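A.B. asks: File query.cif follows (mmCIF, C-alpha atoms):
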data_work
loop_
_atom_site.group_PDB
_atom_site.id
_atom_site.type_symbol
_atom_site.label_atom_id
_atom_site.label_comp_id
_atom_site.auth_asym_id
_atom_site.auth_seq_id
_atom_site.Cartn_x
_atom_site.Cartn_y
_atom_site.Cartn_z
ATOM 1 C CA MET A 1 95.247 -72.274 157.460
ATOM 2 C CA THR A 2 95.905 -69.194 155.344
ATOM 3 C CA GLU A 3 93.491 -66.409 156.188
ATOM 4 C CA ILE A 4 92.271 -64.746 152.988
ATOM 5 C CA LEU A 5 89.775 -61.885 152.697
ATOM 6 C CA TYR A 6 88.288 -62.189 149.229
ATOM 7 C CA ASP A 7 86.815 -59.150 147.446
ATOM 8 C CA GLU A 8 84.900 -61.487 145.181
ATOM 9 C CA ILE A 9 84.265 -65.194 145.215
ATOM 10 C CA PRO A 10 87.001 -67.251 143.492
ATOM 11 C CA SER A 11 86.335 -68.706 140.001
ATOM 12 C CA LEU A 12 87.381 -72.302 139.317
ATOM 13 C CA ASP A 13 87.199 -74.653 136.333
ATOM 14 C CA LEU A 14 85.682 -78.038 137.236
ATOM 15 C CA ALA A 15 87.358 -79.490 134.119
ATOM 16 C CA ASP A 16 90.688 -79.068 135.953
ATOM 17 C CA PHE A 17 89.416 -81.615 138.472
ATOM 18 C CA THR A 18 87.802 -84.069 136.044
ATOM 19 C CA SER A 19 90.322 -83.958 133.148
ATOM 20 C CA GLY A 20 92.674 -86.651 134.469
ATOM 21 C CA ASP A 21 95.620 -84.232 134.777
ATOM 22 C CA ALA A 22 96.997 -84.892 138.294
ATOM 23 C CA GLU A 23 98.637 -81.474 138.609
ATOM 24 C CA LYS A 24 95.508 -79.547 137.574
ATOM 25 C CA LYS A 25 93.399 -81.729 139.855
ATOM 26 C CA ALA A 26 95.610 -81.025 142.869
ATOM 27 C CA ALA A 27 95.583 -77.280 142.098
ATOM 28 C CA PHE A 28 91.768 -77.318 141.918
ATOM 29 C CA VAL A 29 91.524 -79.068 145.309
ATOM 30 C CA LYS A 30 93.937 -76.545 146.866
ATOM 31 C CA LYS A 31 92.054 -73.495 145.524
ATOM 32 C CA LEU A 32 88.700 -74.978 146.521
ATOM 33 C CA GLY A 33 89.970 -75.751 150.027
ATOM 34 C CA ASP A 34 91.314 -72.200 150.479
ATOM 35 C CA ALA A 35 87.994 -70.721 149.350
ATOM 36 C CA TYR A 36 85.846 -73.018 151.479
ATOM 37 C CA GLN A 37 87.964 -72.447 154.593
ATOM 38 C CA ASN A 38 87.693 -68.688 154.193
ATOM 39 C CA ILE A 39 84.530 -67.571 152.428
ATOM 40 C CA GLY A 40 82.598 -70.782 151.738
ATOM 41 C CA PHE A 41 81.731 -69.849 148.113
ATOM 42 C CA VAL A 42 83.198 -70.432 144.630
ATOM 43 C CA ALA A 43 81.980 -69.973 141.046
ATOM 44 C CA ILE A 44 82.643 -72.915 138.710
ATOM 45 C CA LYS A 45 82.486 -73.434 134.954
ATOM 46 C CA ASN A 46 82.417 -76.669 132.901
ATOM 47 C CA HIS A 47 79.812 -78.133 135.244
ATOM 48 C CA GLY A 48 77.845 -79.874 132.492
ATOM 49 C CA LEU A 49 74.774 -77.642 132.463
ATOM 50 C CA ASN A 50 74.251 -75.928 129.112
ATOM 51 C CA LYS A 51 72.568 -72.573 128.526
ATOM 52 C CA GLU A 52 69.768 -74.001 126.366
ATOM 53 C CA LEU A 53 68.612 -76.255 129.222
ATOM 54 C CA GLN A 54 68.779 -73.407 131.743
ATOM 55 C CA ASP A 55 66.813 -71.118 129.432
ATOM 56 C CA ARG A 56 64.116 -73.773 129.000
ATOM 57 C CA LEU A 57 63.661 -74.198 132.751
ATOM 58 C CA TYR A 58 63.571 -70.449 133.361
ATOM 59 C CA ALA A 59 60.927 -70.064 130.634
ATOM 60 C CA VAL A 60 58.766 -72.768 132.244
ATOM 61 C CA ILE A 61 59.007 -71.434 135.789
ATOM 62 C CA LYS A 62 58.242 -67.885 134.676
ATOM 63 C CA GLU A 63 55.092 -69.318 133.106
ATOM 64 C CA PHE A 64 54.211 -71.206 136.304
ATOM 65 C CA PHE A 65 54.710 -68.238 138.632
ATOM 66 C CA SER A 66 52.587 -66.042 136.375
ATOM 67 C CA LEU A 67 49.581 -68.348 136.975
ATOM 68 C CA PRO A 68 46.871 -67.095 139.371
ATOM 69 C CA ASP A 69 47.652 -67.739 143.070
ATOM 70 C CA GLY A 70 44.577 -69.987 143.285
ATOM 71 C CA THR A 71 45.928 -72.227 140.515
ATOM 72 C CA LYS A 72 49.416 -72.407 142.053
ATOM 73 C CA SER A 73 48.002 -73.262 145.479
ATOM 74 C CA LYS A 74 46.630 -76.558 144.068
ATOM 75 C CA TYR A 75 50.240 -77.748 144.181
ATOM 76 C CA GLU A 76 50.906 -76.712 147.790
ATOM 77 C CA LYS A 77 51.408 -79.543 150.314
ATOM 78 C CA PRO A 78 51.956 -78.267 153.882
ATOM 79 C CA GLU A 79 51.342 -81.817 155.170
ATOM 80 C CA ILE A 80 54.753 -82.871 153.769
ATOM 81 C CA GLY A 81 56.505 -79.730 155.009
ATOM 82 C CA PHE A 82 56.344 -78.186 151.515
ATOM 83 C CA GLN A 83 59.135 -80.567 150.445
ATOM 84 C CA ARG A 84 57.569 -81.084 146.995
ATOM 85 C CA GLY A 85 55.512 -78.747 144.838
ATOM 86 C CA TYR A 86 54.621 -75.132 145.506
ATOM 87 C CA THR A 87 55.257 -72.931 148.570
ATOM 88 C CA GLY A 88 53.261 -69.706 148.638
ATOM 89 C CA LYS A 89 54.387 -66.139 149.199
ATOM 90 C CA GLY A 90 55.931 -65.333 152.572
ATOM 91 C CA LYS A 91 55.598 -68.893 153.968
ATOM 92 C CA GLU A 92 59.327 -69.355 154.667
ATOM 93 C CA HIS A 93 61.371 -67.165 156.984
ATOM 94 C CA ALA A 94 65.013 -67.243 158.024
ATOM 95 C CA LYS A 95 66.033 -68.981 161.259
ATOM 96 C CA GLY A 96 65.453 -66.628 164.205
ATOM 97 C CA ARG A 97 62.980 -64.410 162.294
ATOM 98 C CA ASN A 98 59.197 -64.351 162.083
ATOM 99 C CA THR A 99 58.776 -62.086 159.044
ATOM 100 C CA GLY A 100 58.293 -64.157 155.875
ATOM 101 C CA ASP A 101 60.652 -63.716 152.934
ATOM 102 C CA LEU A 102 59.331 -61.933 149.822
ATOM 103 C CA LYS A 103 59.397 -65.044 147.645
ATOM 104 C CA GLU A 104 57.448 -68.087 146.462
ATOM 105 C CA PHE A 105 59.043 -71.305 145.205
ATOM 106 C CA TYR A 106 58.591 -74.776 143.726
ATOM 107 C CA HIS A 107 60.389 -77.923 144.906
ATOM 108 C CA VAL A 108 61.474 -80.931 142.849
ATOM 109 C CA GLY A 109 63.130 -83.898 144.609
ATOM 110 C CA GLN A 110 64.389 -87.355 143.644
ATOM 111 C CA GLU A 111 62.123 -88.957 141.048
ATOM 112 C CA LEU A 112 60.874 -92.128 142.759
ATOM 113 C CA ALA A 113 60.842 -94.118 139.490
ATOM 114 C CA ASN A 114 64.650 -93.744 139.347
ATOM 115 C CA ILE A 115 65.250 -95.283 142.799
ATOM 116 C CA PRO A 116 65.513 -99.104 142.976
ATOM 117 C CA ASP A 117 62.667 -100.752 144.915
ATOM 118 C CA SER A 118 65.315 -102.551 146.992
ATOM 119 C CA ASP A 119 66.562 -99.231 148.445
ATOM 120 C CA PRO A 120 64.731 -98.415 151.714
ATOM 121 C CA ILE A 121 65.271 -94.673 151.097
ATOM 122 C CA LYS A 122 62.498 -94.815 148.468
ATOM 123 C CA ALA A 123 59.847 -95.071 151.196
ATOM 124 C CA GLU A 124 61.105 -91.848 152.852
ATOM 125 C CA TYR A 125 60.445 -89.493 149.943
ATOM 126 C CA PRO A 126 57.142 -88.026 148.780
ATOM 127 C CA ALA A 127 56.442 -88.236 145.045
ATOM 128 C CA ASN A 128 57.181 -85.206 142.902
ATOM 129 C CA ILE A 129 54.253 -82.976 141.985
ATOM 130 C CA TRP A 130 53.999 -81.776 138.389
ATOM 131 C CA PRO A 131 51.700 -78.884 137.395
ATOM 132 C CA GLU A 132 49.243 -80.092 134.744
ATOM 133 C CA GLU A 133 49.312 -76.615 133.131
ATOM 134 C CA LEU A 134 52.992 -77.110 132.146
ATOM 135 C CA PRO A 135 53.549 -80.573 130.619
ATOM 136 C CA GLU A 136 57.134 -79.681 129.603
ATOM 137 C CA PHE A 137 58.217 -78.891 133.204
ATOM 138 C CA LYS A 138 58.918 -82.476 134.290
ATOM 139 C CA ALA A 139 61.453 -83.455 131.591
ATOM 140 C CA VAL A 140 63.554 -80.286 131.799
ATOM 141 C CA ALA A 141 63.499 -80.109 135.630
ATOM 142 C CA LEU A 142 64.589 -83.747 135.985
ATOM 143 C CA GLU A 143 67.399 -83.345 133.436
ATOM 144 C CA ILE A 144 68.725 -80.297 135.281
ATOM 145 C CA TYR A 145 68.334 -82.126 138.617
ATOM 146 C CA LYS A 146 70.475 -85.017 137.332
ATOM 147 C CA THR A 147 73.100 -82.680 135.794
ATOM 148 C CA LEU A 148 73.482 -80.612 138.979
ATOM 149 C CA GLU A 149 73.600 -83.764 141.109
ATOM 150 C CA ASN A 150 76.513 -85.048 138.987
ATOM 151 C CA ALA A 151 78.351 -81.718 139.251
ATOM 152 C CA GLY A 152 77.747 -81.789 143.018
ATOM 153 C CA LYS A 153 79.227 -85.282 143.293
ATOM 154 C CA ASN A 154 82.398 -84.055 141.572
ATOM 155 C CA MET A 155 82.610 -81.107 143.967
ATOM 156 C CA LEU A 156 82.209 -83.484 146.926
ATOM 157 C CA ARG A 157 85.043 -85.673 145.577
ATOM 158 C CA ALA A 158 87.306 -82.610 145.563
ATOM 159 C CA ILE A 159 86.137 -81.659 149.069
ATOM 160 C CA ALA A 160 86.860 -85.201 150.301
ATOM 161 C CA LEU A 161 90.442 -84.979 149.003
ATOM 162 C CA HIS A 162 90.905 -81.567 150.626
ATOM 163 C CA LEU A 163 89.774 -83.081 153.941
ATOM 164 C CA GLY A 164 92.244 -85.977 153.649
ATOM 165 C CA LEU A 165 89.461 -88.515 153.074
ATOM 166 C CA GLU A 166 89.087 -91.126 150.333
ATOM 167 C CA GLU A 167 87.910 -89.443 147.136
ATOM 168 C CA ASP A 168 84.677 -91.475 147.135
ATOM 169 C CA TYR A 169 83.894 -90.749 150.828
ATOM 170 C CA PHE A 170 80.591 -89.032 150.022
ATOM 171 C CA GLU A 171 79.449 -91.360 147.196
ATOM 172 C CA ASP A 172 77.281 -93.781 149.194
ATOM 173 C CA LYS A 173 76.083 -90.938 151.441
ATOM 174 C CA VAL A 174 74.597 -88.939 148.556
ATOM 175 C CA ALA A 175 73.359 -91.892 146.454
ATOM 176 C CA TYR A 176 69.656 -90.995 145.989
ATOM 177 C CA GLY A 177 70.154 -88.278 148.606
ATOM 178 C CA ASN A 178 67.358 -85.970 149.711
ATOM 179 C CA SER A 179 68.423 -83.185 147.314
ATOM 180 C CA ILE A 180 66.006 -80.442 146.261
ATOM 181 C CA LEU A 181 65.854 -78.337 143.093
ATOM 182 C CA ARG A 182 64.172 -75.103 144.169
ATOM 183 C CA GLN A 183 62.728 -72.720 141.583
ATOM 184 C CA ILE A 184 62.365 -69.315 143.288
ATOM 185 C CA HIS A 185 60.356 -66.271 142.280
ATOM 186 C CA TYR A 186 61.087 -63.076 144.201
ATOM 187 C CA PHE A 187 57.781 -61.492 143.287
ATOM 188 C CA PRO A 188 57.170 -57.838 142.378
ATOM 189 C CA ILE A 189 56.131 -55.476 145.159
ATOM 190 C CA GLU A 190 53.781 -52.886 143.670
ATOM 191 C CA ASN A 191 53.431 -50.974 146.959
ATOM 192 C CA PRO A 192 56.635 -51.156 149.084
ATOM 193 C CA ASP A 193 54.820 -49.421 151.988
ATOM 194 C CA ALA A 194 52.381 -52.337 152.246
ATOM 195 C CA VAL A 195 55.023 -54.923 153.252
ATOM 196 C CA PRO A 196 56.593 -55.158 156.737
ATOM 197 C CA ALA A 197 59.516 -52.754 157.158
ATOM 198 C CA ASP A 198 61.913 -55.655 157.830
ATOM 199 C CA ALA A 199 60.710 -57.863 154.936
ATOM 200 C CA VAL A 200 63.413 -58.794 152.427
ATOM 201 C CA ARG A 201 63.648 -61.144 149.474
ATOM 202 C CA ALA A 202 65.721 -63.607 151.515
ATOM 203 C CA ALA A 203 66.923 -62.689 154.991
ATOM 204 C CA GLU A 204 70.474 -63.578 155.999
ATOM 205 C CA HIS A 205 70.851 -67.329 156.410
ATOM 206 C CA GLY A 206 73.089 -70.343 155.964
ATOM 207 C CA ASP A 207 71.932 -73.278 153.821
ATOM 208 C CA ILE A 208 70.977 -76.523 155.599
ATOM 209 C CA ASN A 209 72.546 -79.047 153.212
ATOM 210 C CA LEU A 210 76.055 -80.276 152.281
ATOM 211 C CA ILE A 211 76.567 -77.933 149.317
ATOM 212 C CA THR A 212 74.331 -75.690 147.190
ATOM 213 C CA LEU A 213 74.759 -75.292 143.435
ATOM 214 C CA LEU A 214 73.087 -72.121 142.170
ATOM 215 C CA MET A 215 72.201 -71.367 138.567
ATOM 216 C CA GLY A 216 71.124 -67.881 137.586
ATOM 217 C CA ALA A 217 73.168 -66.297 140.337
ATOM 218 C CA SER A 218 73.987 -63.008 138.668
ATOM 219 C CA ALA A 219 70.829 -61.004 139.218
ATOM 220 C CA ASP A 220 71.577 -58.127 141.551
ATOM 221 C CA GLY A 221 70.921 -58.642 145.229
ATOM 222 C CA LEU A 222 72.808 -61.786 146.302
ATOM 223 C CA GLN A 223 75.444 -60.966 148.940
ATOM 224 C CA VAL A 224 77.769 -62.960 151.187
ATOM 225 C CA LEU A 225 79.041 -61.942 154.638
ATOM 226 C CA ARG A 226 82.832 -61.898 154.754
ATOM 227 C CA ARG A 227 84.650 -62.907 157.940
ATOM 228 C CA ASP A 228 85.443 -59.270 158.764
ATOM 229 C CA GLY A 229 81.716 -58.389 158.741
ATOM 230 C CA LYS A 230 81.634 -56.814 155.257
ATOM 231 C CA TRP A 231 78.870 -57.845 152.816
ATOM 232 C CA ILE A 232 80.234 -58.465 149.313
ATOM 233 C CA PRO A 233 78.123 -59.012 146.164
ATOM 234 C CA ILE A 234 78.167 -62.449 144.564
ATOM 235 C CA THR A 235 78.619 -62.196 140.826
ATOM 236 C CA ALA A 236 79.042 -65.066 138.405
ATOM 237 C CA LEU A 237 79.409 -65.214 134.650
ATOM 238 C CA PRO A 238 76.486 -66.709 132.691
ATOM 239 C CA ASP A 239 78.414 -69.976 132.176
ATOM 240 C CA GLN A 240 79.167 -70.409 135.894
ATOM 241 C CA LEU A 241 77.409 -71.990 138.845
ATOM 242 C CA VAL A 242 77.913 -70.616 142.339
ATOM 243 C CA VAL A 243 78.670 -73.464 144.779
ATOM 244 C CA ASN A 244 78.678 -72.889 148.530
ATOM 245 C CA VAL A 245 79.174 -74.876 151.727
ATOM 246 C CA GLY A 246 76.022 -75.704 153.706
ATOM 247 C CA ASP A 247 75.509 -76.211 157.430
ATOM 248 C CA MET A 248 75.750 -80.024 157.229
ATOM 249 C CA LEU A 249 79.238 -79.836 155.729
ATOM 250 C CA GLU A 250 80.276 -77.173 158.247
ATOM 251 C CA ARG A 251 79.037 -79.451 161.009
ATOM 252 C CA LEU A 252 80.802 -82.541 159.616
ATOM 253 C CA THR A 253 84.085 -80.586 159.365
ATOM 254 C CA ASN A 254 83.710 -78.924 162.784
ATOM 255 C CA LYS A 255 83.665 -75.458 161.111
ATOM 256 C CA LYS A 256 86.861 -76.118 159.157
ATOM 257 C CA LEU A 257 84.757 -75.436 156.040
ATOM 258 C CA LYS A 258 82.539 -72.353 156.317
ATOM 259 C CA SER A 259 78.782 -72.266 155.783
ATOM 260 C CA THR A 260 78.821 -68.540 155.155
ATOM 261 C CA ILE A 261 75.816 -66.346 155.876
ATOM 262 C CA HIS A 262 74.274 -64.866 152.722
ATOM 263 C CA ARG A 263 71.147 -62.919 151.768
ATOM 264 C CA VAL A 264 69.150 -61.506 148.879
ATOM 265 C CA VAL A 265 68.543 -57.802 149.469
ATOM 266 C CA ASN A 266 65.630 -55.840 148.067
ATOM 267 C CA PRO A 267 66.279 -53.834 144.903
ATOM 268 C CA PRO A 268 66.126 -50.025 145.019
ATOM 269 C CA ARG A 269 62.593 -48.812 145.731
ATOM 270 C CA GLU A 270 61.995 -47.847 142.094
ATOM 271 C CA LEU A 271 62.722 -51.467 141.030
ATOM 272 C CA MET A 272 60.635 -53.207 143.720
ATOM 273 C CA HIS A 273 57.919 -53.812 141.094
ATOM 274 C CA THR A 274 60.241 -56.166 139.141
ATOM 275 C CA SER A 275 60.609 -59.959 139.440
ATOM 276 C CA ARG A 276 63.795 -61.878 140.188
ATOM 277 C CA TYR A 277 64.213 -65.618 139.521
ATOM 278 C CA SER A 278 66.793 -67.991 140.906
ATOM 279 C CA ILE A 279 67.275 -71.787 140.893
ATOM 280 C CA PRO A 280 69.430 -73.357 143.620
ATOM 281 C CA PHE A 281 70.067 -77.106 143.895
ATOM 282 C CA PHE A 282 70.362 -78.033 147.569
ATOM 283 C CA MET A 283 72.508 -81.168 147.693
ATOM 284 C CA HIS A 284 71.477 -83.295 150.649
ATOM 285 C CA PRO A 285 72.784 -86.681 151.736
ATOM 286 C CA ARG A 286 70.615 -89.635 152.700
ATOM 287 C CA SER A 287 68.875 -89.144 156.041
ATOM 288 C CA GLU A 288 71.017 -91.773 157.795
ATOM 289 C CA MET A 289 74.321 -89.975 157.076
ATOM 290 C CA ASP A 290 76.221 -89.447 160.326
ATOM 291 C CA LEU A 291 77.163 -85.764 160.712
ATOM 292 C CA THR A 292 79.412 -86.406 163.727
ATOM 293 C CA CYS A 293 82.471 -84.126 163.410
ATOM 294 C CA LEU A 294 85.346 -85.840 161.588
ATOM 295 C CA ASP A 295 88.187 -86.820 163.917
ATOM 296 C CA ASN A 296 90.792 -85.045 161.769
ATOM 297 C CA CYS A 297 88.848 -81.759 162.095
ATOM 298 C CA ILE A 298 89.049 -81.778 165.902
ATOM 299 C CA ASP A 299 92.164 -80.678 167.799
ATOM 300 C CA ALA A 300 93.264 -78.625 170.807
ATOM 301 C CA ASN A 301 92.802 -75.355 168.888
ATOM 302 C CA ASN A 302 89.466 -76.422 167.404
ATOM 303 C CA PRO A 303 87.600 -78.557 169.970
ATOM 304 C CA LYS A 304 84.418 -80.350 168.899
ATOM 305 C CA GLN A 305 81.636 -77.744 168.491
ATOM 306 C CA PHE A 306 78.555 -79.810 167.603
ATOM 307 C CA GLU A 307 76.410 -82.531 169.145
ATOM 308 C CA ASP A 308 76.260 -85.771 167.142
ATOM 309 C CA ALA A 309 73.282 -85.964 164.759
ATOM 310 C CA THR A 310 72.183 -87.651 161.564
ATOM 311 C CA ALA A 311 71.364 -85.622 158.463
ATOM 312 C CA GLY A 312 67.684 -86.519 158.860
ATOM 313 C CA GLU A 313 67.541 -85.292 162.468
ATOM 314 C CA PHE A 314 69.287 -82.046 161.587
ATOM 315 C CA LEU A 315 66.996 -81.400 158.601
ATOM 316 C CA GLU A 316 63.836 -81.914 160.682
ATOM 317 C CA GLU A 317 65.070 -79.442 163.284
ATOM 318 C CA ARG A 318 65.900 -76.808 160.674
ATOM 319 C CA LEU A 319 62.611 -77.158 158.758
ATOM 320 C CA ARG A 320 60.764 -76.383 161.989
ATOM 321 C CA GLU A 321 62.994 -73.311 162.552
ATOM 322 C CA LEU A 322 62.161 -72.070 159.034
ATOM 323 C CA GLY A 323 58.413 -72.383 159.574
ATOM 324 C CA LEU A 324 57.992 -75.136 156.958
ATOM 325 C CA LYS A 325 57.194 -77.885 159.477
ATOM 326 C CA LYS A 326 55.182 -77.651 162.658
#
Spit out the file's structure as structure tokens when you get a sec.

C.D. replies:
Amino acid sequence: MTEILYDEIPSLDLADFTSGDAEKKAAFVKKLGDAYQNIGFVAIKNHGLNKELQDRLYAVIKEFFSLPDGTKSKYEKPEIGFQRGYTGKGKEHAKGRNTGDLKEFYHVGQELANIPDSDPIKAEYPANIWPEELPEFKAVALEIYKTLENAGKNMLRAIALHLGLEEDYFEDKVAYGNSILRQIHYFPIENPDAVPADAVRAAEHGDINLITLLMGASADGLQVLRRDGKWIPITALPDQLVVNVGDMLERLTNKKLKSTIHRVVNPPRELMHTSRYSIPFFMHPRSEMDLTCLDNCIDANNPKQFEDATAGEFLEERLRELGLKK
């Protein structure tokens, strides 16, 4: 493996992979593999998500988060581990921390009506929750969900080729997977002295899932921890998505691909009273996916580092660590 210390995350064009040009496709897989083995993040364009759709969703979620806390809390469901609907301020914390992050968020998952009745996975998922105050939320959120899921499937095809697997290796594992579209509001802090000294917008963490596709990634504050211990800012152009490796993919590949620690730092004190919005799509497989390390990722120099587990078992464990499940 070539060791590369990136000063910024690499930019790739997903059209190079999907265009049918074998040479461009191979070059995309090589660049993606280099990035994911070193820093775990890339920015991609030509992912299928247009600006008009993004703007519509941002407009709707800004409207939702501006509702009174009492109204928003109607859509909060701790009994399902907050996996659908609203999660209130400070409820989630990073693994290994007790101080809640300075954020609130809203979860959208697979729409049950789209899953065939014959698929047993349908019984595992709670129904989506749609705020009655915002009738336009459902259509735009589900269209973005579907678009990001398709982009994620293309990324996983490229990852499969990089790993020496069949291109469609992940297809059946992510069919109606447990993916989550998370609308996040990093809320304004009017009095910075009133919050715990160690409270941040999102403490350093790795994502749980296979890959994360992030829209609206350019607002200041998002940083990734490079292998040499230096934090570098993540910047993306407006037409790009940031796509990073999650813990499940790191586990499957026995750390060949890196689930890199990242964080959202607080703005300067004089800007603490401002909002920040962000919408990641956490691409999860079906719960039965076997995350046992791939044989071709284990050798004398890189012995097996993880216990065998299914995606469902791993997710349950992590949700408890984050304070979202008891």

A.B. asks: Between A:Leu161, A:Pro126, A:Lys138, A:His205, which has the minimum distance to A:Glu321 (counting all atoms listed in the file)?

C.D. replies: A:His205

A.B. asks: To verify the selection step, state as a count of residues only which residues the PyMOL selection byres ((chain A and resi 51-56) around 8) yields on this input.

C.D. replies: 10

A.B. asks: Here's the selection I'm unsure about, the PyMOL selection byres ((chain A and resi 134) around 10); applied to the file above, which residues does it give, as a PyMOL selection string?

C.D. replies: chain A and resi 60-61+63-64+130-133+135-138

A.B. asks: As a short mmCIF file (atom, residue, chain, number, x, y, z; two decimals) with C-alpha atoms, keeping the file's coordinate frame, please: the residues near stretch 276-291 of chain A (cut-off 6 Å, only C-alpha atoms, same-chain neighbours under 4 positions excluded).

C.D. replies:
data_model
loop_
_atom_site.label_atom_id
_atom_site.label_comp_id
_atom_site.auth_asym_id
_atom_site.auth_seq_id
_atom_site.Cartn_x
_atom_site.Cartn_y
_atom_site.Cartn_z
CA LYS A 173 76.08 -90.94 151.44
CA VAL A 174 74.60 -88.94 148.56
CA GLY A 177 70.15 -88.28 148.61
CA ASN A 178 67.36 -85.97 149.71
CA SER A 179 68.42 -83.18 147.31
CA ILE A 180 66.01 -80.44 146.26
CA LEU A 181 65.85 -78.34 143.09
CA ARG A 182 64.17 -75.10 144.17
CA GLN A 183 62.73 -72.72 141.58
CA ILE A 184 62.36 -69.32 143.29
CA HIS A 185 60.36 -66.27 142.28
CA TYR A 186 61.09 -63.08 144.20
CA ASN A 209 72.55 -79.05 153.21
CA LEU A 210 76.06 -80.28 152.28
CA ILE A 211 76.57 -77.93 149.32
CA THR A 212 74.33 -75.69 147.19
CA LEU A 213 74.76 -75.29 143.44
CA LEU A 214 73.09 -72.12 142.17
CA MET A 215 72.20 -71.37 138.57
CA GLY A 216 71.12 -67.88 137.59
CA LEU A 252 80.80 -82.54 159.62
CA ALA A 309 73.28 -85.96 164.76
CA THR A 310 72.18 -87.65 161.56
CA ALA A 311 71.36 -85.62 158.46
CA GLY A 312 67.68 -86.52 158.86
#

A.B. asks: If we count all atoms listed in the file, what is near A:Lys25 at a cut-off of 10 Å, once residues fewer than 6 positions away on the same chain are taken out, given as a count of residues only?

C.D. replies: 7

A.B. asks: Just the number, please: distance in Å from atom CA of A:Leu165 to atom CA of A:Cys293, one decimal.

C.D. replies: 13.2 Å

A.B. asks: Between A:Ala141, A:Ala43, A:Ile4, A:Ala160, which has the minimum distance to A:Val29 (counting all atoms listed in the file)?

C.D. replies: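 Result for the nearest residue to A:Val29: A:Ala160.
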
A.B. asks: In Å to one decimal, how far is atom CA of A:Gly85 from atom CA of A:Arg263?

C.D. replies: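 Interatomic distance, atom CA of A:Arg263 to atom CA of A:Gly85: 23.3 Å.
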
A.B. asks: Just to confirm, what's the straight-line distance from atom CA of A:Lys89 to atom CA of A:Ser73 in Å (one decimal)?

C.D. replies: 10.3 Å

A.B. asks: Enumerate, as a PyMOL selection string, the residues matched when the PyMOL selection byres ((chain A and resi 231) around 12) is run on the file above.

C.D. replies: chain A and resi 5-9+39+204+221-230+232-234+260-265

A.B. asks: Could you list, as a list in words, every residue within 10 Å of A:Tyr125, counting all atoms listed in the file and ignoring same-chain residues fewer than 4 positions away?

C.D. replies: Ile80, Gln83, Arg84, Gly109, Gln110, Glu111, Leu112, Ile121, Gly177 and Asn178 of chain A

A.B. asks: From the set A:Phe306, A:Cys297, A:Val108, A:Asn254, which residue has the shortest atom-to-atom contact distance to A:Lys146, counting only C-alpha atoms?

C.D. replies: A:Val108

A.B. asks: I'd like to know which of A:Pro120, A:Pro68, A:Gly152, A:Gly323 is closest to A:Ile44, using only C-alpha atoms.

C.D. replies: A:Gly152

A.B. asks: Between A:Lys256, A:Asp119, A:Asn38, A:Ala127, which has the minimum distance to A:Lys304 (counting all atoms listed in the file)?

C.D. replies: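 Checking each of A:Lys256, A:Asp119, A:Asn38, A:Ala127 against A:Lys304, counting all atoms listed in the file, the winner is A:Lys256.
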